[in-house]
Every structure is written in C-alpha cells, then in structure tokens.
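Undergrad: Structure: start-v7.cif, mmCIF, C-alpha atoms and all ligand atoms.
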data_upload
#
loop_
_atom_site.label_atom_id
_atom_site.label_comp_id
_atom_site.auth_asym_id
_atom_site.auth_seq_id
_atom_site.Cartn_x
_atom_site.Cartn_y
_atom_site.Cartn_z
CA MET T 1 114.45 101.85 142.60
CA THR T 2 114.70 101.73 138.81
CA VAL T 3 113.67 104.90 136.95
CA LEU T 4 112.93 105.07 133.22
CA TYR T 5 113.18 108.53 131.66
CA GLU T 6 110.67 108.34 128.85
CA PHE T 7 108.39 110.11 126.41
CA PRO T 8 105.98 107.54 124.94
CA PRO T 9 105.66 106.51 122.14
CA THR T 10 109.28 107.33 121.27
CA ARG T 11 112.27 104.99 121.47
CA SER T 12 111.89 105.02 125.26
CA ASN T 13 109.17 102.43 124.59
CA ARG T 14 111.89 99.88 123.82
CA ALA T 15 113.21 100.09 127.36
CA LYS T 16 109.70 100.20 128.81
CA TRP T 17 108.70 97.10 126.83
CA ALA T 18 111.75 95.21 128.18
CA LEU T 19 110.93 96.29 131.76
CA GLU T 20 107.36 95.04 131.29
CA GLU T 21 108.38 91.74 129.66
CA LEU T 22 110.79 91.07 132.51
CA ASP T 23 108.32 92.17 135.19
CA ILE T 24 110.82 94.61 136.72
CA SER T 25 109.35 97.21 139.02
CA TYR T 26 110.17 100.78 137.90
CA ASP T 27 109.04 104.38 137.98
CA GLY T 28 108.44 106.14 134.67
CA GLU T 29 109.59 109.76 134.66
CA THR T 30 108.31 111.77 131.70
CA VAL T 31 110.79 113.99 129.87
CA ASP T 32 108.46 116.14 127.78
CA LEU T 33 110.27 116.59 124.46
CA MET T 34 107.65 119.08 123.24
CA LYS T 35 108.37 121.35 126.23
CA GLY T 36 112.15 121.01 125.80
CA GLU T 37 112.66 119.18 129.10
CA GLN T 38 115.38 117.08 127.43
CA ASN T 39 117.53 120.22 127.38
CA GLU T 40 117.32 120.96 131.10
CA ASP T 41 120.61 120.67 133.00
CA THR T 42 119.21 118.06 135.38
CA TYR T 43 118.30 115.76 132.49
CA ARG T 44 121.51 116.49 130.55
CA ALA T 45 123.43 115.30 133.62
CA ILE T 46 121.72 111.92 133.09
CA GLN T 47 121.61 111.85 129.25
CA PRO T 48 124.19 114.31 127.86
CA LEU T 49 122.73 114.22 124.32
CA GLY T 50 119.29 115.25 125.56
CA VAL T 51 117.31 112.33 124.12
CA VAL T 52 115.17 109.59 125.64
CA PRO T 53 115.40 106.99 127.00
CA ALA T 54 117.74 106.88 129.97
CA LEU T 55 117.63 104.38 132.80
CA LYS T 56 118.73 104.82 136.41
CA THR T 57 119.05 101.78 138.68
CA ASP T 58 120.49 101.36 142.18
CA SER T 59 123.87 100.53 140.64
CA TYR T 60 124.19 102.47 137.36
CA THR T 61 122.75 105.08 134.99
CA MET T 62 122.78 104.39 131.26
CA PHE T 63 121.33 105.49 127.92
CA GLU T 64 120.76 104.07 124.38
CA SER T 65 117.51 102.16 124.03
CA ALA T 66 118.94 98.94 122.58
CA ALA T 67 121.73 98.81 125.16
CA ILE T 68 119.17 99.22 127.95
CA VAL T 69 117.04 96.37 126.55
CA MET T 70 120.02 94.02 126.26
CA GLN T 71 121.39 94.92 129.71
CA LEU T 72 118.04 94.36 131.45
CA ILE T 73 117.61 91.03 129.68
CA ASP T 74 121.10 89.90 130.73
CA GLU T 75 120.32 90.83 134.34
CA GLN T 76 117.33 88.45 134.17
CA ALA T 77 119.04 85.72 132.14
CA ASP T 78 116.78 83.02 133.62
CA GLN T 79 113.83 84.56 131.75
CA GLY T 80 115.35 83.41 128.44
CA LEU T 81 114.95 86.52 126.30
CA ALA T 82 118.52 86.32 124.94
CA PRO T 83 120.66 83.45 123.64
CA LYS T 84 123.75 82.36 125.54
CA PRO T 85 126.72 84.76 125.16
CA GLY T 86 129.16 83.42 122.60
CA SER T 87 126.59 81.22 120.84
CA ALA T 88 125.74 81.45 117.12
CA GLU T 89 122.24 82.67 118.08
CA ARG T 90 123.80 85.44 120.16
CA ALA T 91 125.68 86.62 117.08
CA HIS T 92 122.38 87.14 115.27
CA TYR T 93 120.80 88.71 118.36
CA TYR T 94 123.51 91.41 118.33
CA GLN T 95 123.30 91.69 114.56
CA TRP T 96 119.59 92.50 114.48
CA ALA T 97 119.74 94.78 117.51
CA LEU T 98 122.43 96.93 115.91
CA PHE T 99 120.84 96.72 112.46
CA ALA T 100 117.75 98.31 114.00
CA THR T 101 119.48 101.22 115.68
CA GLY T 102 122.31 101.71 113.17
CA GLU T 103 120.51 101.10 109.88
CA ILE T 104 116.73 101.11 110.22
CA ASP T 105 116.10 103.90 112.74
CA PRO T 106 118.19 106.51 110.88
CA ALA T 107 116.29 105.85 107.62
CA ILE T 108 112.94 106.19 109.41
CA MET T 109 114.07 109.33 111.21
CA MET T 110 115.20 110.86 107.91
CA VAL T 111 111.62 110.56 106.71
CA PHE T 112 110.08 111.66 110.03
CA ASP T 113 112.42 114.65 110.40
CA ASN T 114 111.61 115.84 106.88
CA THR T 115 107.85 115.31 106.90
CA MET T 116 106.29 115.11 110.37
CA ARG T 117 108.71 116.48 112.95
CA PRO T 118 107.26 119.61 114.58
CA LEU T 119 109.74 122.25 113.47
CA GLU T 120 109.16 124.91 116.10
CA ALA T 121 109.12 122.53 119.05
CA MET T 122 112.09 120.33 118.30
CA ASN T 123 114.42 121.91 115.74
CA PRO T 124 116.84 124.82 115.56
CA PRO T 125 115.14 128.01 114.28
CA GLY T 126 114.96 128.21 110.48
CA THR T 127 114.98 124.45 109.91
CA GLN T 128 112.80 123.30 107.01
CA HIS T 129 111.44 119.91 105.97
CA ASP T 130 113.46 118.74 102.93
CA PRO T 131 111.49 116.57 100.45
CA ASN T 132 114.70 115.20 98.88
CA MET T 133 115.94 113.97 102.25
CA ALA T 134 112.51 112.44 102.94
CA GLU T 135 112.76 110.55 99.63
CA LYS T 136 116.26 109.34 100.45
CA GLY T 137 114.97 108.08 103.81
CA ARG T 138 112.15 106.17 102.06
CA HIS T 139 114.65 104.64 99.64
CA ASP T 140 117.09 103.63 102.40
CA PHE T 141 114.28 102.25 104.54
CA ALA T 142 112.89 100.10 101.71
CA ILE T 143 116.27 98.40 101.16
CA ARG T 144 116.63 97.62 104.87
CA ALA T 145 113.00 96.56 105.32
CA ALA T 146 113.37 94.05 102.45
CA ILE T 147 116.30 92.45 104.31
CA LEU T 148 114.23 92.17 107.48
CA SER T 149 111.26 90.88 105.55
CA ASP T 150 113.36 88.11 103.92
CA GLU T 151 114.58 87.07 107.36
CA LEU T 152 111.09 86.95 108.85
CA GLU T 153 109.46 85.15 105.92
CA GLY T 154 108.34 81.77 107.30
CA GLN T 155 109.39 82.39 110.90
CA ASP T 156 107.65 84.13 113.77
CA TYR T 157 110.58 85.96 115.31
CA LEU T 158 114.03 87.14 114.33
CA LEU T 159 115.80 84.23 116.00
CA GLY T 160 113.30 81.63 114.79
CA ASN T 161 110.35 80.52 116.83
CA SER T 162 111.14 82.12 120.16
CA PHE T 163 110.67 85.76 121.05
CA SER T 164 113.84 87.60 122.18
CA GLY T 165 115.13 91.06 122.97
CA ALA T 166 115.99 91.43 119.27
CA ASP T 167 112.25 91.49 118.62
CA ILE T 168 111.76 94.27 121.16
CA ILE T 169 114.46 96.37 119.49
CA VAL T 170 113.54 95.65 115.86
CA GLY T 171 109.82 95.52 116.67
CA HIS T 172 109.95 99.09 117.91
CA SER T 173 111.60 100.14 114.63
CA CYS T 174 108.71 98.48 112.79
CA PHE T 175 106.16 100.36 114.94
CA MET T 176 108.00 103.61 114.15
CA ALA T 177 107.83 102.71 110.46
CA VAL T 178 104.06 102.20 110.70
CA PHE T 179 103.73 105.59 112.40
CA VAL T 180 105.65 107.28 109.58
CA GLY T 181 103.66 105.36 106.90
CA LEU T 182 106.52 103.21 105.63
CA LEU T 183 105.25 99.65 106.07
CA ASP T 184 102.48 99.47 103.44
CA ASP T 185 104.60 97.46 100.98
CA PHE T 186 105.86 94.99 103.56
CA PRO T 187 103.13 92.49 104.52
CA VAL T 188 105.58 90.17 106.31
CA LEU T 189 106.59 93.03 108.58
CA GLN T 190 102.95 94.02 109.12
CA SER T 191 102.19 90.46 110.29
CA TYR T 192 105.26 90.57 112.52
CA CYS T 193 103.92 93.76 114.14
CA GLU T 194 100.53 92.10 114.70
CA ARG T 195 102.24 89.10 116.33
CA LEU T 196 104.24 91.37 118.64
CA LYS T 197 101.11 93.33 119.57
CA GLU T 198 99.54 90.14 120.94
CA ARG T 199 102.01 90.13 123.81
CA PRO T 200 100.51 91.46 127.05
CA ALA T 201 103.70 93.38 127.89
CA ASN T 202 103.57 95.06 124.49
CA GLN T 203 99.94 96.04 125.06
CA ARG T 204 100.80 97.57 128.44
CA VAL T 205 103.34 99.81 126.71
CA TYR T 206 101.82 100.58 123.30
CA GLY T 207 98.17 99.79 124.17
N1 LIG M 1 120.04 106.11 119.67
C1 LIG M 1 119.17 106.65 120.67
C2 LIG M 1 118.22 107.64 120.02
C3 LIG M 1 117.32 108.29 121.04
C4 LIG M 1 116.50 109.42 120.42
O1 LIG M 1 116.93 110.11 119.48
N2 LIG M 1 115.33 109.66 121.00
C5 LIG M 1 114.45 110.69 120.48
C6 LIG M 1 113.01 110.26 120.61
S1 LIG M 1 112.70 108.81 119.62
C7 LIG M 1 114.61 111.96 121.30
O2 LIG M 1 114.67 111.90 122.51
N3 LIG M 1 114.65 113.14 120.65
C8 LIG M 1 114.72 114.37 121.36
C9 LIG M 1 115.14 115.51 120.47
O3 LIG M 1 115.45 115.25 119.31
O4 LIG M 1 115.15 116.63 120.96
C10 LIG M 1 118.41 105.51 121.37
O5 LIG M 1 118.05 104.54 120.68
O6 LIG M 1 118.21 105.59 122.60
#
Can I see the file as structure tokens?
TA:
Amino acid sequence: MTVLYEFPPTRSNRAKWALEELDISYDGETVDLMKGEQNEDTYRAIQPLGVVPALKTDSYTMFESAAIVMQLIDEQADQGLAPKPGSAERAHYYQWALFATGEIDPAIMMVFDNTMRPLEAMNPPGTQHDPNMAEKGRHDFAIRAAILSDELEGQDYLLGNSFSGADIIVGHSCFMAVFVGLLDDFPVLQSYCERLKERPANQRVYG
C-alpha cells in the first residue's frame, strides 16, 4: 500500500495532487505540524528533516515533493504527464520543476516565515518575524514570478498546451503565493491558477 505523509495544504499537496491525477490508491497519514508530530522519532525515521511530504510504497520510501511527483509520473508513463526522457521537452520539465522548489518556494517561504508563520508552534523560542527579510522575499518572488509569467503568456501550461507534472509542481508554488498574498500583480499567473483549479484531481486535493 502507498502511504502519503501529509499536512494539507502544505507542499504535501503536490504529492497528493499527483496521486489523484494518476488515480493511484493511497492512504493519507496526517503529520500535524502544529502539534510537532514532524519531530517525533517515528516520523524522523521516514523524513529525517522533519518536513512533509514523505511517501512510502511497497518498494521504497522517499521525500521531497517535486521528486515524489516526478517519480510517480514516471511509474505511470502511459498516462502522459511527462515528456520522454532525453527529449527537449523533458529538459524544460526538469527546469521548471527545479525552478519551483529551488527558486520560487524559498522566496515565498521567506515572506511566509517573516509575516504569517506561527512563531510559538513552529519556530525555535525567541524567533521574531523580520520585516526586512519579508521585503527581500517579496522582491525575490517578483523577479521569479515575472519569468514564469513571461513563459505562460499565450500558453495554457508550462510545456505548451498539455498539462504535465511541471504544472503540479509550479502550480502548487503559485497556490502558495496566493495564500501569502503575492500574486496580485501577476494576472497571467492568476489565470494559470484558475485553469489548474478546473481539474477534478486538483479539486479533490485543494477543494
Ligand atoms: N523541499 C521540501 C520542503 C518541505 C517543507 O519544508 N515542508 C513544510 C511544509 S510546506 C514543513 O513540513 N515544515 C515543517 C516545519 O517547518 O516544521 C519539499 O518540497 O518537500
């Protein structure tokens, strides 16, 4: 049986969305971040950093939301959610997936951590929100969002007209950005979010 360790609506939703798109049967196991369950030894044995998501299947256990999405999609290659390995389209698929986790997520989290993150529940004692760091996050996000927006201008999805795993990974970043109040100046990205929200699998996860 496949088990997803999750805490909706965090980045575990990326893995959940892929499971739903691919119609894979799984159990969702909540790791309550507000209660500190991510720090329990049993969970740390699965995800040593103490973050969600993690995925356990009959043959492996893994973490990192984008890696989980891409692995699940490769296991179900006939469903066509990723371009052929080695193709030019695959190059861009990897590019956008890693741009989301390596460039966009950290900028969003810099804003979230310094404005909205519950200090007592999820931070070391004495941590304060830092307005300068929040501003740097907004600045970094805007540069990266403009790059995404240019790419999506005039096309429905990151790889053109067909939906792929890159849209699950980047789409979740865009939903995070909405949550943190960062997408107001990016109408192309707002439309992209609306398009993604029309998908039944997305509605089952983010509904
Ligand atoms: N790069 C990781 C980041 C995972 C991550 O940081 N998850 C957050 C929720 S969005 C978390 O579990 N935080 C727990 C904590 O900070 O204690 C991924 O994409 O899977």
Undergrad: By how many Å are CA of Glu40 (chain T) and CA of Val3 (chain T) apart?
TA: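 Spanning CA of Glu40 (chain T) to CA of Val3 (chain T) is a straight-line distance of 17.5 Å.
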Undergrad: Just the residues within 10 Å of Leu22 (chain T), please, counting all atoms listed in the file, with nothing from its chain fewer than 5 positions along; format it as a list in words.
TA: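 Contacts, with the query itself left out: Lys16, Trp17, Leu72, Ile73, Glu75, Gln76, Ala77, Gln79, Gly80, Leu81 and Ala201 of chain T.
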Undergrad: Could you make a table, as a Markdown table, of the residues of chain T that have an atom within 7 Å of an atom of ligand LIG 1 (chain M), each with its nearest atom pair and distance in Å to one decimal, counting only C-alpha atoms and all ligand atoms, in chain and number order?
TA:
| residue | atom | partner | partner_atom | distance |
| --- | --- | --- | --- | --- |
| T:Thr10 | CA | M:LIG1 | S1 | 4.1 |
| T:Arg11 | CA | M:LIG1 | S1 | 4.3 |
| T:Ser12 | CA | M:LIG1 | S1 | 6.8 |
| T:Leu33 | CA | M:LIG1 | C8 | 5.9 |
| T:Gln38 | CA | M:LIG1 | O4 | 6.5 |
| T:Gly50 | CA | M:LIG1 | C8 | 6.3 |
| T:Val51 | CA | M:LIG1 | O2 | 3.1 |
| T:Val52 | CA | M:LIG1 | O2 | 3.9 |
| T:Pro53 | CA | M:LIG1 | O6 | 5.4 |
| T:Phe63 | CA | M:LIG1 | O6 | 6.2 |
| T:Glu64 | CA | M:LIG1 | O6 | 3.5 |
| T:Ser65 | CA | M:LIG1 | O6 | 3.8 |
| T:Ala66 | CA | M:LIG1 | O5 | 6.0 |
| T:Thr101 | CA | M:LIG1 | O5 | 6.2 |
| T:Met122 | CA | M:LIG1 | O4 | 5.5 |
Undergrad: List the spatial neighbours of Leu148 (chain T) as number ranges by chain - criterion: any atom at most 9 Å away, all atoms listed in the file, same-chain residues fewer than 3 positions off excluded.
TA: T: 96, 144-145, 151-153, 158, 188-189
Undergrad: So which residues fall inside 10 Å of (105.0, 91.8, 116.2) if we count all atoms listed in the file? Mind giving them as a PyMOL selection string?
TA: chain T and resi 156-157+163+167-168+170-172+174-175+189-199+202
Undergrad: Just the selected residues (C-alpha atoms), exported as a compact mmCIF listing (two decimals), keeping the file's coordinate frame, please.
TA:
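Below you can see part.txt, which holds the result:
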# COMPACT_ATOMS: atom_id res chain seq x y z
CA ASP T 156 107.65 84.13 113.77
CA TYR T 157 110.58 85.96 115.31
CA PHE T 163 110.67 85.76 121.05
CA ASP T 167 112.25 91.49 118.62
CA ILE T 168 111.76 94.27 121.16
CA VAL T 170 113.54 95.65 115.86
CA GLY T 171 109.82 95.52 116.67
CA HIS T 172 109.95 99.09 117.91
CA CYS T 174 108.71 98.48 112.79
CA PHE T 175 106.16 100.36 114.94
CA LEU T 189 106.59 93.03 108.58
CA GLN T 190 102.95 94.02 109.12
CA SER T 191 102.19 90.46 110.29
CA TYR T 192 105.26 90.57 112.52
CA CYS T 193 103.92 93.76 114.14
CA GLU T 194 100.53 92.10 114.70
CA ARG T 195 102.24 89.10 116.33
CA LEU T 196 104.24 91.37 118.64
CA LYS T 197 101.11 93.33 119.57
CA GLU T 198 99.54 90.14 120.94
CA ARG T 199 102.01 90.13 123.81
CA ASN T 202 103.57 95.06 124.49
Undergrad: Using all atoms listed in the file, pick whichever of T:Asn161, T:Tyr60, T:Val205, T:Asp78 has the shortest atom-to-atom distance to Phe7 (chain T).
TA: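 When distances to Phe7 (chain T) are compared using all atoms listed in the file, the smallest one comes from T:Val205.
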Undergrad: Given the choices T:His129, T:Lys136, T:Lys35, T:Arg14, which gets closest to Ala67 (chain T) if the distance is worked out from only C-alpha atoms?
TA: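 The answer is T:Arg14, which sits nearest to Ala67 (chain T).
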Undergrad: Given the point (118.0, 98.1, 115.4) in the coordinates of this file, which residues lie within 8 Å, counting all atoms listed in the file, and how would they look as a VMD selection string?
TA: chain T and resid 66 96 to 105 166 169 to 170 173
Undergrad: Using only C-alpha atoms for the distances, tell me which of T:Ala15, T:Met34, T:Ile143, T:Ala88 is nearest to Ile108 (chain T).
TA: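 Among the listed residues, T:Ile143 lies closest to Ile108 (chain T).
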Undergrad: Complete region 38-49 of chain T at the level of all heavy atoms, written as a PDB file, in the coordinates of the input.
TA:
ATOM      1  N   GLN T  38     114.154 117.842 127.693  1.00  0.00           N
ATOM      2  CA  GLN T  38     115.380 117.080 127.430  1.00  0.00           C
ATOM      3  C   GLN T  38     116.619 117.979 127.473  1.00  0.00           C
ATOM      4  O   GLN T  38     117.738 117.492 127.555  1.00  0.00           O
ATOM      5  CB  GLN T  38     115.283 116.357 126.072  1.00  0.00           C
ATOM      6  CG  GLN T  38     115.318 117.224 124.835  1.00  0.00           C
ATOM      7  CD  GLN T  38     113.944 117.779 124.459  1.00  0.00           C
ATOM      8  OE1 GLN T  38     113.109 118.035 125.320  1.00  0.00           O
ATOM      9  NE2 GLN T  38     113.708 117.994 123.169  1.00  0.00           N
ATOM     10  N   ASN T  39     116.391 119.291 127.391  1.00  0.00           N
ATOM     11  CA  ASN T  39     117.530 120.220 127.380  1.00  0.00           C
ATOM     12  C   ASN T  39     117.841 120.808 128.761  1.00  0.00           C
ATOM     13  O   ASN T  39     118.780 121.592 128.898  1.00  0.00           O
ATOM     14  CB  ASN T  39     117.248 121.364 126.387  1.00  0.00           C
ATOM     15  CG  ASN T  39     117.068 120.818 124.985  1.00  0.00           C
ATOM     16  OD1 ASN T  39     117.819 119.935 124.570  1.00  0.00           O
ATOM     17  ND2 ASN T  39     116.068 121.305 124.258  1.00  0.00           N
ATOM     18  N   GLU T  40     117.054 120.423 129.754  1.00  0.00           N
ATOM     19  CA  GLU T  40     117.320 120.960 131.100  1.00  0.00           C
ATOM     20  C   GLU T  40     118.591 120.333 131.675  1.00  0.00           C
ATOM     21  O   GLU T  40     118.882 119.168 131.420  1.00  0.00           O
ATOM     22  CB  GLU T  40     116.113 120.691 132.015  1.00  0.00           C
ATOM     23  CG  GLU T  40     114.920 121.560 131.622  1.00  0.00           C
ATOM     24  CD  GLU T  40     113.644 121.243 132.403  1.00  0.00           C
ATOM     25  OE1 GLU T  40     113.710 120.421 133.335  1.00  0.00           O
ATOM     26  OE2 GLU T  40     112.608 121.820 132.047  1.00  0.00           O
ATOM     27  N   ASP T  41     119.311 121.139 132.462  1.00  0.00           N
ATOM     28  CA  ASP T  41     120.610 120.670 133.000  1.00  0.00           C
ATOM     29  C   ASP T  41     120.469 119.378 133.781  1.00  0.00           C
ATOM     30  O   ASP T  41     121.339 118.507 133.706  1.00  0.00           O
ATOM     31  CB  ASP T  41     121.218 121.751 133.906  1.00  0.00           C
ATOM     32  CG  ASP T  41     121.682 122.960 133.107  1.00  0.00           C
ATOM     33  OD1 ASP T  41     121.768 122.844 131.855  1.00  0.00           O
ATOM     34  OD2 ASP T  41     121.943 124.010 133.718  1.00  0.00           O
ATOM     35  N   THR T  42     119.370 119.257 134.548  1.00  0.00           N
ATOM     36  CA  THR T  42     119.210 118.060 135.380  1.00  0.00           C
ATOM     37  C   THR T  42     119.117 116.807 134.508  1.00  0.00           C
ATOM     38  O   THR T  42     119.685 115.769 134.843  1.00  0.00           O
ATOM     39  CB  THR T  42     117.942 118.145 136.257  1.00  0.00           C
ATOM     40  OG1 THR T  42     116.884 118.632 135.446  1.00  0.00           O
ATOM     41  CG2 THR T  42     118.143 119.019 137.465  1.00  0.00           C
ATOM     42  N   TYR T  43     118.398 116.939 133.362  1.00  0.00           N
ATOM     43  CA  TYR T  43     118.300 115.760 132.490  1.00  0.00           C
ATOM     44  C   TYR T  43     119.602 115.552 131.711  1.00  0.00           C
ATOM     45  O   TYR T  43     120.052 114.426 131.525  1.00  0.00           O
ATOM     46  CB  TYR T  43     117.100 115.851 131.540  1.00  0.00           C
ATOM     47  CG  TYR T  43     116.939 114.556 130.759  1.00  0.00           C
ATOM     48  CD1 TYR T  43     116.670 113.360 131.420  1.00  0.00           C
ATOM     49  CD2 TYR T  43     117.133 114.510 129.378  1.00  0.00           C
ATOM     50  CE1 TYR T  43     116.582 112.149 130.726  1.00  0.00           C
ATOM     51  CE2 TYR T  43     117.033 113.302 128.677  1.00  0.00           C
ATOM     52  CZ  TYR T  43     116.756 112.129 129.355  1.00  0.00           C
ATOM     53  OH  TYR T  43     116.681 110.925 128.679  1.00  0.00           O
ATOM     54  N   ARG T  44     120.236 116.627 131.288  1.00  0.00           N
ATOM     55  CA  ARG T  44     121.510 116.490 130.550  1.00  0.00           C
ATOM     56  C   ARG T  44     122.581 115.829 131.415  1.00  0.00           C
ATOM     57  O   ARG T  44     123.503 115.193 130.898  1.00  0.00           O
ATOM     58  CB  ARG T  44     122.006 117.856 130.083  1.00  0.00           C
ATOM     59  CG  ARG T  44     121.174 118.452 128.964  1.00  0.00           C
ATOM     60  CD  ARG T  44     121.544 117.831 127.633  1.00  0.00           C
ATOM     61  NE  ARG T  44     120.692 118.342 126.581  1.00  0.00           N
ATOM     62  CZ  ARG T  44     121.070 118.540 125.323  1.00  0.00           C
ATOM     63  NH1 ARG T  44     122.288 118.268 124.940  1.00  0.00           N
ATOM     64  NH2 ARG T  44     120.216 118.985 124.438  1.00  0.00           N
ATOM     65  N   ALA T  45     122.463 115.964 132.732  1.00  0.00           N
ATOM     66  CA  ALA T  45     123.430 115.300 133.620  1.00  0.00           C
ATOM     67  C   ALA T  45     123.237 113.781 133.560  1.00  0.00           C
ATOM     68  O   ALA T  45     124.161 113.011 133.832  1.00  0.00           O
ATOM     69  CB  ALA T  45     123.259 115.805 135.046  1.00  0.00           C
ATOM     70  N   ILE T  46     122.030 113.356 133.185  1.00  0.00           N
ATOM     71  CA  ILE T  46     121.720 111.920 133.090  1.00  0.00           C
ATOM     72  C   ILE T  46     121.953 111.421 131.664  1.00  0.00           C
ATOM     73  O   ILE T  46     122.509 110.356 131.438  1.00  0.00           O
ATOM     74  CB  ILE T  46     120.248 111.686 133.514  1.00  0.00           C
ATOM     75  CG1 ILE T  46     120.089 112.022 134.985  1.00  0.00           C
ATOM     76  CG2 ILE T  46     119.780 110.257 133.209  1.00  0.00           C
ATOM     77  CD1 ILE T  46     118.652 112.227 135.403  1.00  0.00           C
ATOM     78  N   GLN T  47     121.493 112.233 130.668  1.00  0.00           N
ATOM     79  CA  GLN T  47     121.610 111.850 129.250  1.00  0.00           C
ATOM     80  C   GLN T  47     122.195 113.068 128.529  1.00  0.00           C
ATOM     81  O   GLN T  47     121.478 113.991 128.162  1.00  0.00           O
ATOM     82  CB  GLN T  47     120.218 111.498 128.685  1.00  0.00           C
ATOM     83  CG  GLN T  47     120.190 110.404 127.624  1.00  0.00           C
ATOM     84  CD  GLN T  47     121.017 110.703 126.357  1.00  0.00           C
ATOM     85  OE1 GLN T  47     121.664 111.728 126.217  1.00  0.00           O
ATOM     86  NE2 GLN T  47     121.004 109.770 125.449  1.00  0.00           N
ATOM     87  N   PRO T  48     123.531 113.096 128.342  1.00  0.00           N
ATOM     88  CA  PRO T  48     124.190 114.310 127.860  1.00  0.00           C
ATOM     89  C   PRO T  48     123.765 114.764 126.459  1.00  0.00           C
ATOM     90  O   PRO T  48     123.950 115.928 126.107  1.00  0.00           O
ATOM     91  CB  PRO T  48     125.685 113.946 127.887  1.00  0.00           C
ATOM     92  CG  PRO T  48     125.738 112.467 128.021  1.00  0.00           C
ATOM     93  CD  PRO T  48     124.479 112.020 128.664  1.00  0.00           C
ATOM     94  N   LEU T  49     123.181 113.835 125.663  1.00  0.00           N
ATOM     95  CA  LEU T  49     122.730 114.220 124.320  1.00  0.00           C
ATOM     96  C   LEU T  49     121.339 114.841 124.351  1.00  0.00           C
ATOM     97  O   LEU T  49     120.897 115.454 123.377  1.00  0.00           O
ATOM     98  CB  LEU T  49     122.728 112.949 123.441  1.00  0.00           C
ATOM     99  CG  LEU T  49     122.660 113.084 121.937  1.00  0.00           C
ATOM    100  CD1 LEU T  49     123.798 113.944 121.403  1.00  0.00           C
ATOM    101  CD2 LEU T  49     122.682 111.699 121.289  1.00  0.00           C
TER     102      LEU T  49
END
